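Pasted below: data-v6.txt, compact mmCIF, C-alpha atoms.
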# COMPACT_ATOMS: atom_id res chain seq x y z
CA MET A 143 -53.73 94.95 3.21
CA ASP A 144 -51.42 92.62 5.14
CA ASP A 145 -48.86 94.81 6.97
CA ARG A 146 -46.04 92.49 5.95
CA LEU A 147 -46.51 93.33 2.24
CA ILE A 148 -44.89 96.78 2.45
CA SER A 149 -41.91 97.47 4.67
CA ILE A 150 -38.91 99.72 5.05
CA GLN A 151 -36.69 98.17 7.66
CA LYS A 152 -33.14 98.02 8.99
CA GLU A 153 -33.01 94.26 9.44
CA ASP A 154 -32.73 91.70 6.64
CA PHE A 155 -35.90 90.13 5.23
CA SER A 156 -36.84 86.52 4.49
CA ILE A 157 -37.23 85.85 0.76
CA GLU A 158 -39.06 82.60 1.54
CA ASP A 159 -41.60 84.42 3.75
CA ALA A 160 -42.28 87.20 1.23
CA VAL A 161 -42.69 84.79 -1.71
CA THR A 162 -44.93 82.50 0.36
CA LEU A 163 -47.02 85.47 1.54
CA VAL A 164 -47.89 86.60 -1.99
CA LYS A 165 -48.31 83.00 -3.17
CA LYS A 166 -50.82 82.17 -0.44
CA ALA A 167 -52.90 85.30 -1.16
CA SER A 168 -54.99 83.06 -3.45
CA ASN A 169 -55.34 79.38 -4.32
CA GLY A 170 -55.28 80.59 -7.92
CA THR A 171 -51.59 81.53 -7.78
CA GLY A 172 -49.72 79.73 -10.54
CA ALA A 173 -46.60 81.89 -10.59
CA VAL A 174 -44.55 84.12 -8.32
CA VAL A 175 -41.77 86.30 -9.70
CA ALA A 176 -39.35 87.81 -7.21
CA PHE A 177 -36.69 90.45 -7.73
CA LEU A 178 -33.89 90.70 -5.18
CA GLY A 179 -31.48 93.62 -5.24
CA ALA A 180 -28.13 93.01 -3.52
CA ALA A 181 -25.05 95.09 -2.71
CA ARG A 182 -22.31 94.61 -5.33
CA ASP A 183 -18.60 94.83 -4.58
CA PHE A 184 -17.89 97.14 -7.53
CA SER A 185 -19.86 100.01 -9.05
CA LYS A 186 -18.59 101.92 -12.10
CA GLY A 187 -15.09 100.55 -11.49
CA GLU A 188 -14.94 101.62 -7.85
CA ARG A 189 -14.63 99.06 -5.08
CA ILE A 190 -17.56 99.50 -2.69
CA ALA A 191 -16.66 99.10 0.98
CA GLY A 192 -20.25 99.61 2.13
CA LEU A 193 -23.59 101.24 1.50
CA GLU A 194 -25.85 103.40 3.62
CA PHE A 195 -29.51 103.90 2.70
CA GLU A 196 -31.59 106.81 3.97
CA HIS A 197 -35.31 107.31 3.38
CA TYR A 198 -38.03 109.86 4.04
CA PRO A 199 -39.94 108.08 6.83
CA GLY A 200 -43.64 108.02 6.12
CA MET A 201 -43.45 109.29 2.56
CA ALA A 202 -41.30 106.40 1.34
CA GLU A 203 -43.73 103.82 2.76
CA VAL A 204 -46.67 105.64 1.16
CA MET A 205 -44.91 105.59 -2.22
CA LEU A 206 -44.28 101.84 -1.93
CA LYS A 207 -47.96 101.27 -1.07
CA ASP A 208 -48.87 103.38 -4.10
CA ILE A 209 -46.66 101.22 -6.35
CA ARG A 210 -48.42 98.09 -5.04
CA ASP A 211 -51.86 99.70 -5.56
CA ARG A 212 -51.06 100.68 -9.13
CA ALA A 213 -49.53 97.26 -9.87
CA LEU A 214 -52.73 95.55 -8.65
CA ARG A 215 -54.83 97.89 -10.84
CA ASN A 216 -52.72 97.80 -13.99
CA PHE A 217 -51.44 94.21 -14.16
CA ASN A 218 -53.32 90.94 -13.89
CA ILE A 219 -51.63 90.00 -10.62
CA ILE A 220 -52.93 88.65 -7.32
CA GLU A 221 -50.61 90.27 -4.78
CA MET A 222 -47.35 92.20 -4.48
CA ALA A 223 -44.87 92.63 -1.64
CA ILE A 224 -42.20 95.36 -1.56
CA LEU A 225 -39.51 95.32 1.14
CA HIS A 226 -36.57 97.75 1.27
CA ARG A 227 -33.78 97.91 3.80
CA VAL A 228 -32.24 101.12 5.10
CA GLY A 229 -29.19 101.86 7.23
CA ALA A 230 -25.78 100.27 6.75
CA ILE A 231 -25.54 97.44 4.21
CA ARG A 232 -22.42 95.46 3.42
CA THR A 233 -21.34 93.84 0.14
CA GLY A 234 -23.42 90.77 -0.63
CA GLU A 235 -26.29 91.75 1.63
CA ASN A 236 -29.90 92.10 0.47
CA ILE A 237 -31.24 95.59 -0.28
CA VAL A 238 -34.69 95.26 -1.81
CA LEU A 239 -37.21 92.50 -2.57
CA ILE A 240 -40.25 92.70 -4.79
CA ALA A 241 -42.49 89.64 -5.16
CA ALA A 242 -45.56 89.44 -7.42
CA SER A 243 -48.02 86.55 -7.62
CA ALA A 244 -50.35 85.85 -10.54
CA ALA A 245 -52.28 83.06 -12.20
CA HIS A 246 -49.90 83.22 -15.18
CA ARG A 247 -46.20 83.95 -15.20
CA ASN A 248 -46.19 86.66 -17.83
CA ASP A 249 -48.24 89.00 -15.66
CA ALA A 250 -45.99 88.36 -12.65
CA PHE A 251 -42.83 89.05 -14.67
CA MET A 252 -44.21 92.29 -16.11
CA ALA A 253 -45.50 93.62 -12.78
CA CYS A 254 -42.28 92.78 -10.93
CA GLU A 255 -40.07 94.43 -13.54
CA TRP A 256 -42.32 97.51 -13.67
CA ALA A 257 -42.39 97.82 -9.87
CA ILE A 258 -38.61 97.92 -9.36
CA THR A 259 -38.26 100.54 -12.11
CA GLU A 260 -41.07 102.55 -10.52
CA LEU A 261 -39.51 102.23 -7.05
CA LYS A 262 -36.24 103.67 -8.32
CA ARG A 263 -38.11 106.51 -10.04
CA THR A 264 -40.59 107.58 -7.36
CA THR A 265 -39.56 106.47 -3.88
CA PRO A 266 -37.62 108.87 -1.63
CA ILE A 267 -34.73 106.55 -0.75
CA TRP A 268 -31.09 107.54 -1.15
CA LYS A 269 -27.91 105.46 -1.34
CA ARG A 270 -24.50 106.53 -0.09
CA GLU A 271 -21.51 104.51 -1.31
CA THR A 272 -18.29 104.26 0.66
CA THR A 273 -15.33 103.78 -1.70
CA ASP A 274 -11.54 104.32 -1.42
CA LYS A 275 -12.25 107.92 -2.38
CA GLY A 276 -14.67 108.49 0.47
CA GLU A 277 -18.43 108.63 0.88
CA VAL A 278 -20.61 109.66 -2.06
CA TRP A 279 -24.38 110.04 -2.33
CA VAL A 280 -25.44 108.35 -5.53
CA SER A 281 -27.54 110.70 -7.63
CA GLU A 282 -28.74 108.56 -10.50
CA THR A 283 -31.11 105.63 -10.70
CA PRO A 284 -29.72 103.03 -13.10
CA MET B 112 -21.01 73.11 -11.19
CA ASP B 113 -22.55 73.05 -7.71
CA ASP B 114 -24.83 69.97 -7.52
CA ARG B 115 -27.55 71.98 -5.82
CA LEU B 116 -28.05 74.17 -8.92
CA ILE B 117 -29.93 71.53 -10.93
CA SER B 118 -32.36 69.13 -9.32
CA ILE B 119 -35.42 67.02 -10.01
CA GLN B 120 -36.78 65.93 -6.67
CA LYS B 121 -39.89 64.70 -4.89
CA GLU B 122 -39.50 66.89 -1.81
CA ASP B 123 -40.14 70.63 -1.67
CA PHE B 124 -37.25 73.06 -2.17
CA SER B 125 -36.14 76.13 -0.22
CA ILE B 126 -36.58 79.34 -2.22
CA GLU B 127 -34.28 81.15 0.22
CA ASP B 128 -31.50 78.59 -0.30
CA ALA B 129 -31.72 78.63 -4.10
CA VAL B 130 -31.76 82.43 -4.33
CA THR B 131 -28.88 82.70 -1.86
CA LEU B 132 -26.89 80.06 -3.76
CA VAL B 133 -26.99 81.96 -7.07
CA LYS B 134 -26.49 85.30 -5.29
CA LYS B 135 -23.33 84.13 -3.53
CA ALA B 136 -21.82 82.76 -6.76
CA SER B 137 -20.11 86.17 -7.07
CA ASN B 138 -19.60 89.33 -5.03
CA GLY B 139 -20.62 91.12 -8.21
CA THR B 140 -24.26 90.00 -7.94
CA GLY B 141 -26.51 93.03 -7.95
CA ALA B 142 -29.78 91.28 -8.83
CA VAL B 143 -31.45 87.91 -8.52
CA VAL B 144 -34.70 87.16 -10.33
CA ALA B 145 -36.61 84.06 -9.27
CA PHE B 146 -39.57 82.38 -10.91
CA LEU B 147 -41.71 80.06 -8.79
CA GLY B 148 -44.37 77.87 -10.40
CA ALA B 149 -47.13 76.68 -8.05
CA ALA B 150 -50.13 74.37 -8.33
CA ARG B 151 -53.33 76.34 -9.00
CA ASP B 152 -56.78 75.26 -7.79
CA PHE B 153 -58.39 75.81 -11.22
CA SER B 154 -57.14 75.18 -14.74
CA LYS B 155 -59.29 76.00 -17.78
CA GLY B 156 -62.37 76.12 -15.56
CA GLU B 157 -61.77 72.70 -13.99
CA ARG B 158 -61.17 72.39 -10.26
CA ILE B 159 -57.82 70.65 -9.75
CA ALA B 160 -57.77 68.14 -6.91
CA GLY B 161 -54.10 67.32 -7.38
CA LEU B 162 -51.19 67.02 -9.78
CA GLU B 163 -48.75 64.25 -10.54
CA PHE B 164 -45.49 64.95 -12.35
CA GLU B 165 -43.49 62.28 -14.18
CA HIS B 166 -40.08 62.77 -15.79
CA TYR B 167 -37.59 60.84 -17.88
CA PRO B 168 -34.89 60.19 -15.25
CA GLY B 169 -31.49 61.13 -16.54
CA MET B 170 -32.64 62.88 -19.70
CA ALA B 171 -34.69 65.49 -17.84
CA GLU B 172 -31.74 66.44 -15.61
CA VAL B 173 -29.47 66.68 -18.68
CA MET B 174 -31.93 69.01 -20.39
CA LEU B 175 -32.08 71.26 -17.30
CA LYS B 176 -28.27 71.39 -17.20
CA ASP B 177 -28.32 72.28 -20.90
CA ILE B 178 -30.76 75.15 -20.26
CA ARG B 179 -28.42 76.49 -17.53
CA ASP B 180 -25.39 76.14 -19.84
CA ARG B 181 -27.09 78.01 -22.66
CA ALA B 182 -28.39 80.70 -20.28
CA LEU B 183 -24.83 81.29 -19.01
CA ARG B 184 -23.58 81.54 -22.60
CA ASN B 185 -26.33 83.68 -24.07
CA PHE B 186 -27.24 86.08 -21.26
CA ASN B 187 -25.02 88.28 -19.14
CA ILE B 188 -25.78 86.36 -15.96
CA ILE B 189 -23.60 85.00 -13.16
CA GLU B 190 -25.41 81.80 -12.16
CA MET B 191 -28.69 79.95 -12.62
CA ALA B 192 -30.46 77.31 -10.53
CA ILE B 193 -33.32 75.14 -11.83
CA LEU B 194 -35.27 72.92 -9.44
CA HIS B 195 -38.33 70.87 -10.45
CA ARG B 196 -40.46 68.63 -8.28
CA VAL B 197 -41.99 65.35 -9.44
CA GLY B 198 -44.52 62.99 -7.90
CA ALA B 199 -47.75 64.05 -6.22
CA ILE B 200 -48.27 67.80 -5.72
CA ARG B 201 -51.28 69.38 -4.06
CA THR B 202 -52.92 72.75 -4.72
CA GLY B 203 -50.75 75.60 -3.46
CA GLU B 204 -47.56 73.58 -3.41
CA ASN B 205 -44.39 74.57 -5.24
CA ILE B 206 -43.63 72.91 -8.60
CA VAL B 207 -40.61 74.61 -10.15
CA LEU B 208 -38.08 77.27 -9.21
CA ILE B 209 -35.68 79.10 -11.51
CA ALA B 210 -33.28 81.66 -10.04
CA ALA B 211 -30.83 83.77 -12.06
CA SER B 212 -28.19 86.12 -10.65
CA ALA B 213 -26.56 88.97 -12.57
CA ALA B 214 -24.79 92.27 -12.05
CA HIS B 215 -27.81 94.09 -13.51
CA ARG B 216 -31.47 93.23 -13.17
CA ASN B 217 -32.39 93.32 -16.85
CA ASP B 218 -30.12 90.35 -17.65
CA ALA B 219 -31.52 88.36 -14.72
CA PHE B 220 -35.13 89.05 -15.77
CA MET B 221 -34.47 88.06 -19.39
CA ALA B 222 -32.60 84.86 -18.53
CA CYS B 223 -35.18 83.73 -15.98
CA GLU B 224 -38.10 84.30 -18.33
CA TRP B 225 -36.28 82.55 -21.19
CA ALA B 226 -35.35 79.57 -19.00
CA ILE B 227 -38.89 78.75 -17.86
CA THR B 228 -40.15 78.95 -21.45
CA GLU B 229 -37.28 76.72 -22.56
CA LEU B 230 -37.94 74.24 -19.74
CA LYS B 231 -41.56 73.86 -20.84
CA ARG B 232 -40.45 73.40 -24.46
CA THR B 233 -37.54 70.98 -24.10
CA THR B 234 -37.59 69.08 -20.81
CA PRO B 235 -39.21 65.61 -20.68
CA ILE B 236 -41.54 66.24 -17.73
CA TRP B 237 -45.25 65.50 -17.85
CA LYS B 238 -48.15 66.71 -15.70
CA ARG B 239 -51.27 64.72 -14.89
CA GLU B 240 -54.21 66.66 -13.47
CA THR B 241 -56.84 65.04 -11.27
CA THR B 242 -60.21 66.78 -11.74
CA ASP B 243 -63.84 65.83 -11.08
CA LYS B 244 -63.78 64.18 -14.51
CA GLY B 245 -60.82 61.96 -13.65
CA GLU B 246 -57.12 61.97 -14.37
CA VAL B 247 -55.81 63.65 -17.50
CA TRP B 248 -52.28 63.99 -18.85
CA VAL B 249 -51.81 67.58 -19.92
CA SER B 250 -50.53 67.76 -23.46
CA GLU B 251 -49.88 71.40 -24.03
CA THR B 252 -47.27 73.76 -22.61
CA PRO B 253 -48.88 77.14 -21.90
CA MET C 28 -31.92 43.82 -27.52
CA ILE C 29 -33.32 47.35 -27.49
CA THR C 30 -35.51 48.90 -24.81
CA VAL C 31 -38.46 51.13 -25.71
CA ARG C 32 -39.71 53.35 -22.87
CA PHE C 33 -43.21 54.80 -22.79
CA PHE C 34 -43.99 57.95 -20.80
CA ALA C 35 -47.08 59.65 -19.38
CA MET C 36 -50.21 59.03 -21.48
CA LEU C 37 -48.34 56.56 -23.68
CA LYS C 38 -48.03 54.12 -20.77
CA GLY C 39 -51.81 53.97 -20.61
CA LEU C 40 -52.21 53.63 -24.36
CA ALA C 41 -49.52 50.91 -24.61
CA LYS C 42 -50.61 49.29 -21.34
CA ALA C 43 -46.89 48.96 -20.60
CA ASP C 44 -43.98 51.02 -19.23
CA THR C 45 -41.34 49.42 -21.45
CA HIS C 46 -41.02 46.97 -24.33
CA HIS C 47 -38.04 45.04 -25.68
CA TYR C 48 -37.16 44.01 -29.23
CA GLU C 49 -34.40 41.70 -30.40
CA LEU C 50 -32.85 43.22 -33.52
CA ASN C 51 -31.03 41.24 -36.22
CA SER C 52 -29.71 44.47 -37.67
CA ALA C 53 -29.93 48.22 -37.07
CA ILE C 54 -33.20 49.90 -38.07
CA THR C 55 -34.45 53.46 -38.45
CA VAL C 56 -36.74 55.24 -36.03
CA ASP C 57 -39.49 55.09 -38.67
CA GLU C 58 -39.07 51.30 -38.95
CA LEU C 59 -39.29 50.99 -35.15
CA LYS C 60 -42.46 53.09 -35.16
CA ALA C 61 -44.00 50.68 -37.70
CA MET C 62 -43.18 47.73 -35.43
CA LEU C 63 -44.73 49.54 -32.44
CA LYS C 64 -47.91 50.33 -34.37
CA ARG C 65 -48.17 46.66 -35.32
CA ASP C 66 -47.66 45.42 -31.73
CA PHE C 67 -49.49 48.22 -29.82
CA PRO C 68 -52.82 49.10 -31.47
CA GLY C 69 -53.40 51.74 -28.77
CA LEU C 70 -50.37 53.70 -29.99
CA ARG C 71 -51.37 53.81 -33.69
CA ASP C 72 -53.24 57.14 -33.71
CA VAL C 73 -50.77 58.98 -31.54
CA LEU C 74 -47.73 57.71 -33.48
CA ASP C 75 -49.38 58.86 -36.71
CA SER C 76 -50.09 62.31 -35.27
CA ARG C 77 -46.43 63.39 -35.23
CA SER C 78 -46.86 64.89 -31.75
CA ILE C 79 -44.55 62.24 -30.25
CA LEU C 80 -40.82 63.01 -30.04
CA ILE C 81 -38.29 60.18 -30.08
CA SER C 82 -35.09 59.93 -28.07
CA ILE C 83 -32.26 57.45 -28.55
CA ASN C 84 -30.09 56.99 -25.47
CA GLN C 85 -31.74 60.07 -23.98
CA GLU C 86 -30.99 62.41 -26.89
CA PHE C 87 -33.58 63.69 -29.34
CA ALA C 88 -33.54 61.72 -32.60
CA SER C 89 -34.98 62.30 -36.07
CA LYS C 90 -37.15 59.76 -37.91
CA ASP C 91 -34.18 58.71 -40.02
CA ALA C 92 -31.91 58.11 -37.00
CA ILE C 93 -30.52 54.58 -36.57
CA VAL C 94 -31.53 52.36 -33.68
CA LYS C 95 -29.02 49.63 -32.91
CA ASP C 96 -28.54 46.87 -30.39
CA ASN C 97 -28.51 47.95 -26.71
CA ASP C 98 -30.07 51.32 -27.49
CA GLU C 99 -32.71 52.85 -25.23
CA VAL C 100 -35.51 54.50 -27.20
CA GLY C 101 -37.90 56.92 -25.52
CA LEU C 102 -41.38 57.76 -26.82
CA LEU C 103 -42.03 61.27 -25.53
CA PRO C 104 -45.50 62.82 -25.67
CA PRO C 105 -45.78 66.65 -25.56
CA PHE C 106 -44.08 67.99 -22.45
CA SER C 107 -46.05 69.74 -19.72
CA GLY C 108 -43.50 70.52 -17.02
CA GLY C 109 -43.00 73.85 -15.32
CA MET D 263 -44.04 127.74 11.73
CA ILE D 264 -43.04 125.50 8.83
CA THR D 265 -40.44 122.74 8.89
CA VAL D 266 -38.04 122.20 5.98
CA ARG D 267 -36.39 118.76 5.87
CA PHE D 268 -33.14 118.11 4.03
CA PHE D 269 -32.23 114.63 2.79
CA ALA D 270 -29.07 112.78 1.73
CA MET D 271 -26.48 115.07 0.11
CA LEU D 272 -28.58 118.14 0.98
CA LYS D 273 -27.93 117.62 4.68
CA GLY D 274 -24.21 118.01 4.03
CA LEU D 275 -24.70 121.03 1.79
CA ALA D 276 -27.07 122.75 4.25
CA LYS D 277 -25.09 121.57 7.28
CA ALA D 278 -28.48 120.82 8.84
CA ASP D 279 -31.16 118.13 8.91
CA THR D 280 -34.09 120.55 9.24
CA HIS D 281 -34.82 124.27 9.31
CA HIS D 282 -37.82 126.22 10.55
CA TYR D 283 -39.40 129.43 9.28
CA GLU D 284 -42.11 131.53 10.88
CA LEU D 285 -44.51 132.62 8.15
CA ASN D 286 -46.71 135.73 8.33
CA SER D 287 -48.65 134.48 5.33
CA ALA D 288 -48.68 131.58 2.89
CA ILE D 289 -45.92 131.55 0.26
CA THR D 290 -45.16 129.58 -2.90
CA VAL D 291 -42.55 126.85 -3.20
CA ASP D 292 -40.51 129.18 -5.41
CA GLU D 293 -40.59 131.87 -2.71
CA LEU D 294 -39.46 129.33 -0.12
CA LYS D 295 -36.59 128.27 -2.40
CA ALA D 296 -35.46 131.91 -2.59
CA MET D 297 -35.43 132.12 1.21
CA LEU D 298 -33.40 128.90 1.42
CA LYS D 299 -30.88 130.13 -1.14
CA ARG D 300 -30.47 133.31 0.91
CA ASP D 301 -29.99 131.44 4.20
CA PHE D 302 -28.05 128.37 2.95
CA PRO D 303 -25.30 129.35 0.49
CA GLY D 304 -24.39 125.66 0.12
CA LEU D 305 -27.80 124.92 -1.41
CA ARG D 306 -27.74 127.66 -4.08
CA ASP D 307 -26.27 125.67 -6.96
CA VAL D 308 -28.33 122.57 -6.36
CA LEU D 309 -31.60 124.50 -5.95
CA ASP D 310 -30.90 126.27 -9.25
CA SER D 311 -30.22 122.97 -11.02
CA ARG D 312 -33.87 121.83 -10.95
CA SER D 313 -32.77 118.31 -9.94
CA ILE D 314 -34.37 118.74 -6.50
CA LEU D 315 -38.00 117.67 -6.06
CA ILE D 316 -40.16 119.33 -3.42
CA SER D 317 -42.75 117.69 -1.21
CA ILE D 318 -45.35 119.39 0.97
CA ASN D 319 -46.67 117.22 3.78
CA GLN D 320 -45.04 114.22 2.08
CA GLU D 321 -46.71 114.71 -1.31
CA PHE D 322 -44.89 115.92 -4.42
CA ALA D 323 -45.51 119.63 -5.04
CA SER D 324 -45.00 121.96 -8.01
CA LYS D 325 -43.05 125.23 -7.80
CA ASP D 326 -46.33 127.17 -7.67
CA ALA D 327 -47.74 125.13 -4.80
CA ILE D 328 -48.64 127.00 -1.61
CA VAL D 329 -46.73 126.47 1.64
CA LYS D 330 -48.71 127.48 4.72
CA ASP D 331 -48.29 127.42 8.46
CA ASN D 332 -47.56 123.99 10.01
CA ASP D 333 -46.58 122.47 6.66
CA GLU D 334 -43.64 120.08 6.37
CA VAL D 335 -41.58 120.72 3.24
CA GLY D 336 -39.12 118.10 1.96
CA LEU D 337 -36.15 118.89 -0.28
CA LEU D 338 -35.60 115.66 -2.20
CA PRO D 339 -32.43 115.09 -4.24
CA PRO D 340 -32.52 112.47 -7.04
CA PHE D 341 -33.58 109.09 -5.65
CA SER D 342 -31.21 106.13 -5.63
CA GLY D 343 -33.11 103.36 -3.89
CA GLY D 344 -33.50 99.82 -5.14
As structure tokens, how would this structure be written, given the file I've shared?
Amino acid sequence: MDDRLISIQKEDFSIEDAVTLVKKASNGTGAVVAFLGAARDFSKGERIAGLEFEHYPGMAEVMLKDIRDRALRNFNIIEMAILHRVGAIRTGENIVLIAASAAHRNDAFMACEWAITELKRTTPIWKRETTDKGEVWVSETP
Amino acid sequence: MDDRLISIQKEDFSIEDAVTLVKKASNGTGAVVAFLGAARDFSKGERIAGLEFEHYPGMAEVMLKDIRDRALRNFNIIEMAILHRVGAIRTGENIVLIAASAAHRNDAFMACEWAITELKRTTPIWKRETTDKGEVWVSETP
Amino acid sequence: MITVRFFAMLKGLAKADTHHYELNSAITVDELKAMLKRDFPGLRDVLDSRSILISINQEFASKDAIVKDNDEVGLLPPFSGG
Amino acid sequence: MITVRFFAMLKGLAKADTHHYELNSAITVDELKAMLKRDFPGLRDVLDSRSILISINQEFASKDAIVKDNDEVGLLPPFSGG
């Protein structure tokens, strides 16, 4: 597996690079679907001044690899990349990117949508929101 | 409407720029979903040496604008970009990019998937495949 | 004068990109199709097959739509973009 | 010696990032939870609420799973990545 396909990192990622990486995994790629999660200015009516993401180093990366493995087994896709940032993230900045390549678009859409839901469900990453009321660890996965 | 949101062009596009453009349309963007269509090496068992796309200048751009307008009306999205290349395209190259931004990912996924289906159905663009057997205009929209 | 534009495979069948007609009066799309079948034998089968959409001034038009002087008519084979 | 790691809100409740126990013999996850509730009053409510997942050596573990010497145990509050 190409090391660049799975990453938890402080710095921002390149969407172009991730999409191109999964596209070029095969000459048979006809479609790439990418999901980008970004930091919103409001959440449940509260203005968000900033976010802080924490993860379980080691375990979180293993869970992301496991999501990719299961996506490759269960969907008719060619490749999948999953990148997640941690540390301080400001409004408008990128948080997470999932890119799936396939011969046909339907498979890429399904795998990408499944993978972000699965990431939220299974990966030990936690978000702290800073609002006017202070800092709060978010305890649900919408 | 930002001119860069709708384009039919010979040259390649930047995925990063298009995704960032729809993301930055609002500070409320929490998700961007992008669909990239690329030129496959095989189609229905035939090796593809190259593609050529032709469009109805003027009408094709109007139909893409119309898809964006209807997406903004019918889905809970913030912005949509639709870029399509024409002219000669080689295996592995980008063909079409659709990017939709929304507060929540489900709306972005739905709008993006709808828009590419609608593009194939309504936009006067035609693909010619060059295979070992010669050049063939493709007459179905998969 | 009206301009008829052929696209994609229709250019090959018509052996032309465009064609012009001088009209004495407005006609329907169906009447224009009959003229095209008379003047372009290569288009006969495909125009009979109903797979060709028609545009007038770059908007989709029905077979009963009226074509009048200065109009641009497009003959659009099945789309294959995306 | 085992290492217990606290994450996110649990760090604040435990007022610690990690805690170590010397074990004379292997214990179950439930037995470890009882020790943590005894030693960290701030964790009592949340450990009773069943919203906390447990990992042993970075793999999810059930309440009957065995914790033995040198293991790393993670206390994982509900995830909110993505």
Best match for closeness to chain C among A:Ile224, A:Ala257, A:Ala173, A:Ala244, counting all atoms listed in the file
A:Ala173
For chain C, work out the contacting residues on chain A at 12 Å, counting all atoms listed in the file, and write them as a VMD selection string.
chain A and resid 172 to 173 246 to 247
For Tyr283 in chain D: contacts at 7 Å, all atoms listed in the file, fewer than 2 positions along chain excluded, given as a list in words:
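Answer for this query is Met263, Ile264, Thr265, His281 and Leu285 of chain D.
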What would the file look like if the residues just selected were written as a compact mmCIF listing (two decimals), in the frame of the given file with C-alpha atoms?
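Final output, part_32.txt:
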# COMPACT_ATOMS: atom_id res chain seq x y z
CA MET D 263 -44.04 127.74 11.73
CA ILE D 264 -43.04 125.50 8.83
CA THR D 265 -40.44 122.74 8.89
CA HIS D 281 -34.82 124.27 9.31
CA LEU D 285 -44.51 132.62 8.15
Rounded to one decimal place, report the CA of Val197 in chain B-CA of Thr162 in chain A distance in Å.
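Atom-to-atom, CA of Val197 in chain B to CA of Thr162 in chain A, that is 20.0 Å.
With CA of Thr55 in chain C on one side and CA of Leu74 in chain C on the other, the separation reads 14.8 Å.
Between CA of Cys223 in chain B and CA of Gly161 in chain B the interatomic distance comes to 26.5 Å.
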Interface list for chain B, partner chain A, 7 Å threshold, all atoms listed in the file, as a list in words:
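Listed by rising number, the hits are Ile126, Glu127, Asn138, Gly139, Thr140, Gly141, Ala142, Val143, Val144, Ala145, Phe146, Leu147, Gly148, Ala149, Ala150, Arg151, Asp152, Phe153 and Gly203 of chain B.
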Selection near Leu230 in chain B, 10 Å with only C-alpha atoms, sequence-local residues under 2 positions removed, as a ChimeraX atom specification
/B:171,174-175,177-178,193,195,207,209,225-228,232-236,252 /C:106-109
Selection: 10 Å around Trp279 in chain A, all atoms listed in the file, excl. self and same-chain fewer than 5 positions, as a list in words
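My reading of the contact set: Leu193, Glu194, Phe195, Trp268, Lys269, Arg270, Glu271 and Thr272 of chain A; Ala270, Met271, Leu272, Pro339, Pro340, Phe341 and Ser342 of chain D.
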With all atoms listed in the file as the counted atoms, please give the residues lying no more than 12 Å from Pro303 in chain D, apart from itself and same-chain residues fewer than 4 positions off, as an NGL selection string.
:D and (272 or 274-277 or 295-299 or 307-310)
The residues within 10 Å of (-52.0, 91.3, -8.9), using all atoms listed in the file and the coordinates of the file, should be reported as a PyMOL selection string; which are they?
chain A and resi 164+167+171+210-222+242-245+249-250+253
Who sits within 10 Å of Phe87 in chain C, only C-alpha atoms, same chain under 3 positions skipped, as a ChimeraX atom specification:
/B:170,233 /C:80-84,92,100-101,103
Could you turn the residues from that selection into a file that holds C-alpha atoms, as a JSON list (two decimals), keeping the file's coordinate frame?
[["chain", "number", "residue", "atom", "x", "y", "z"],
["B", 170, "MET", "CA", -32.64, 62.88, -19.70],
["B", 233, "THR", "CA", -37.54, 70.98, -24.10],
["C", 80, "LEU", "CA", -40.82, 63.01, -30.04],
["C", 81, "ILE", "CA", -38.29, 60.18, -30.08],
["C", 82, "SER", "CA", -35.09, 59.93, -28.07],
["C", 83, "ILE", "CA", -32.26, 57.45, -28.55],
["C", 84, "ASN", "CA", -30.09, 56.99, -25.47],
["C", 92, "ALA", "CA", -31.91, 58.11, -37.00],
["C", 100, "VAL", "CA", -35.51, 54.50, -27.20],
["C", 101, "GLY", "CA", -37.90, 56.92, -25.52],
["C", 103, "LEU", "CA", -42.03, 61.27, -25.53]]
Tell me which of D:Ala278, D:Leu337, D:Ile289, D:Leu305 sits closest to Gln320 in chain D, counting all atoms listed in the file.
D:Leu337
What box, with edges along x, y and z, holds each listed atom of range 56-63 of chain C when 6 Å is added on every side, and can you state its centre and edge lengths in Å to one decimal, as lines of an AutoDock Vina configuration file?
center_x = -40.7
center_y = 51.5
center_z = -35.7
size_x = 20.0
size_y = 19.5
size_z = 18.5
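With only C-alpha atoms as the basis for measurement, C:Val31 is the residue among C:Val56, C:Val31, C:Arg71, C:Ser76 that approaches Asp44 in chain C most closely.
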Completed range 307-312 of chain D (N, CA and C atoms) as a short mmCIF file (atom, residue, chain, number, x, y, z; two decimals), keeping the file's coordinate frame:
data_model
loop_
_atom_site.label_atom_id
_atom_site.label_comp_id
_atom_site.auth_asym_id
_atom_site.auth_seq_id
_atom_site.Cartn_x
_atom_site.Cartn_y
_atom_site.Cartn_z
N ASP D 307 -26.47 126.32 -5.66
CA ASP D 307 -26.27 125.67 -6.96
C ASP D 307 -27.30 124.57 -7.20
N VAL D 308 -27.48 123.73 -6.17
CA VAL D 308 -28.33 122.57 -6.36
C VAL D 308 -29.80 122.98 -6.49
N LEU D 309 -30.21 124.04 -5.81
CA LEU D 309 -31.60 124.50 -5.95
C LEU D 309 -31.83 125.15 -7.31
N ASP D 310 -30.78 125.71 -7.89
CA ASP D 310 -30.90 126.27 -9.25
C ASP D 310 -30.94 125.18 -10.31
N SER D 311 -30.42 123.99 -9.98
CA SER D 311 -30.22 122.97 -11.02
C SER D 311 -31.50 122.23 -11.40
N ARG D 312 -32.57 122.46 -10.67
CA ARG D 312 -33.87 121.83 -10.95
C ARG D 312 -33.86 120.31 -10.75
#
